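Visitor: Following this message is one structure expressed as structure tokens.
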Amino acid sequence: MSDEQPSTALSASRDSALSRPDFPFARVARRLGIDPAGAELALRDEGRARTAVEEAAQAYLEADDDRRAGRTPASPIALDPDFPTGVGMALVGAAVLWDARHLVPRIALRVAKDHYESGDDELAASYIALVQESVDPGQDDASAWAAQSLLVAVLQRSGSAAAADEIARDLAAHDVPIDLWRDDDPSLPDDSLAWHGGAFVGGIPPRRDERSLSTEDVQDYLATLLAETRRGQQAEEDGGSR
């Protein structure tokens with residue numbers, strides 16, 4: 001019975017989100033590549049929605065690869081006005097909501113890089129924490145170590161120099177390149193050691209308010225995003241009716 005509890009809790013959270021009166025089914029469906037005409041039915045179908053999230057995540061990663069390589073992205077997802085960062089954040093929320101957490105580390109790492117490159121170190125650190133909280137040991141060590149290497153850059157610019165040095169030494173001890181985060185699709189050298197979970201950091205807070213970005217925070221963000229998109233949609237409709 002205990003094995004079913006997380007799934008049950010997640011289903012309840014998803015049902016609660018989908019029951020919100022301001023849930024913009026059509027806009028979320030469009031972002032996930034689902035025909036908006038059947039949005040509510042599709043998004044209430046757990047399997048279909050999860051497949052759509054996985055396909056949208058792959059399209060996002062490919063489009064972001066193109067963008068970072070200086071190519072024009074071929075995927076329609078790149079036409080979203082919130083691409084890349086806002087789309088990535090929304091997909092992280094959708095991956096959590098529809099229980100596709102295996103997608104979170106790679107996408108959250110891209111979002112963390114975007115925030116760092118735009119100068120928002122607090123949000124970058126929050127998404128770094130989310131990457132590392134979402135990694136299953138042995139499954140996505142490269143993303144976890146890449147996030148750790150990005151944390152060095154964040155701390156050097158906005159945090160503790162001593163903490164940055166400590167993490168940099170740990171990266172070296174594990175044969176992990178300190179600039180691993182700069183790779184679009186990070187991979188570890190053959191002699192790198194497995195991700196250790198970051199326990200050595202000793203509770204370095206990734207945000208000045210000493211909070212990391214938890215799964216619940218992502219769900220809260222998704223709810224906020226949905227409310228904002230609904231207000232934007234309503235404003236567009238009101239403007240078009242004049």
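Residues are named by chain letter and number: chains run A, B, ... in the order of the structure tokens, numbers start at 1 in each chain, and ligands are numbered from 1 in the order shown.
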Neighbouring residues of segment 186-193 of chain A were defined as those with any atom within 12 Å, considering only C-alpha atoms; residues of the same chain fewer than 3 positions away were excluded. Please report them as an NGL selection string.

Guide: :A and (65 or 105-106 or 109-110 or 137-138 or 140-147 or 149-150 or 170-183 or 196-197)

Visitor: What is the atom CA of Gln58 of chain A-atom CA of Ala112 of chain A distance in Å, reported with one decimal?

Guide: 17.6 Å

Visitor: Within 9 Å of segment 47-56 of chain A, which residues of segment 60-120 of chain A come that close, and what is the closest atom pair and distance in Å for each? Count only C-alpha atoms and give it as JSON lines.

Guide:
{"residue": "A:Tyr60", "atom": "CA", "partner": "A:Ala56", "partner_atom": "CA", "distance": 6.0}
{"residue": "A:Leu61", "atom": "CA", "partner": "A:Ala56", "partner_atom": "CA", "distance": 8.6}
{"residue": "A:Ile77", "atom": "CA", "partner": "A:Ala56", "partner_atom": "CA", "distance": 7.7}
{"residue": "A:Leu91", "atom": "CA", "partner": "A:Val53", "partner_atom": "CA", "distance": 7.1}
{"residue": "A:Ala94", "atom": "CA", "partner": "A:Val53", "partner_atom": "CA", "distance": 6.7}
{"residue": "A:Ala95", "atom": "CA", "partner": "A:Val53", "partner_atom": "CA", "distance": 6.5}
{"residue": "A:Trp98", "atom": "CA", "partner": "A:Arg50", "partner_atom": "CA", "distance": 5.6}
{"residue": "A:Asp99", "atom": "CA", "partner": "A:Arg50", "partner_atom": "CA", "distance": 7.3}
{"residue": "A:Ala100", "atom": "CA", "partner": "A:Arg50", "partner_atom": "CA", "distance": 6.7}
{"residue": "A:Leu103", "atom": "CA", "partner": "A:Glu54", "partner_atom": "CA", "distance": 7.4}

Visitor: Pick the closest to Ile107 of chain A from A:Asp64, A:Glu40, A:Asp165, A:Asp15: which is it, counting only C-alpha atoms?

Guide: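 Among the listed residues, the smallest separation from Ile107 of chain A belongs to A:Asp64.
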
Visitor: Work out how far apart atom CA of Trp195 of chain A and atom CA of Leu155 of chain A are and give it in Å to one decimal.

Guide: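 Atom CA of Trp195 of chain A sits 19.8 Å away from atom CA of Leu155 of chain A.
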
Visitor: Just to confirm, what's the straight-line distance from atom CA of Ile167 of chain A to atom CA of Glu117 of chain A in Å (one decimal)?

Guide: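 Computing the Euclidean distance for atom CA of Ile167 of chain A and atom CA of Glu117 of chain A yields 20.1 Å.
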
Visitor: Nearest residue to Val111 of chain A out of A:Glu133, A:Asp184, A:Asp45, A:Glu166, using only C-alpha atoms?

Guide: A:Asp184

Visitor: Of the candidates A:Ala124, A:Ala17, A:Ala39, A:Val131, which shows the shortest atom-to-atom distance to Val104 of chain A, using only C-alpha atoms?

Guide: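 Selected residue with least distance to Val104 of chain A: A:Val131.
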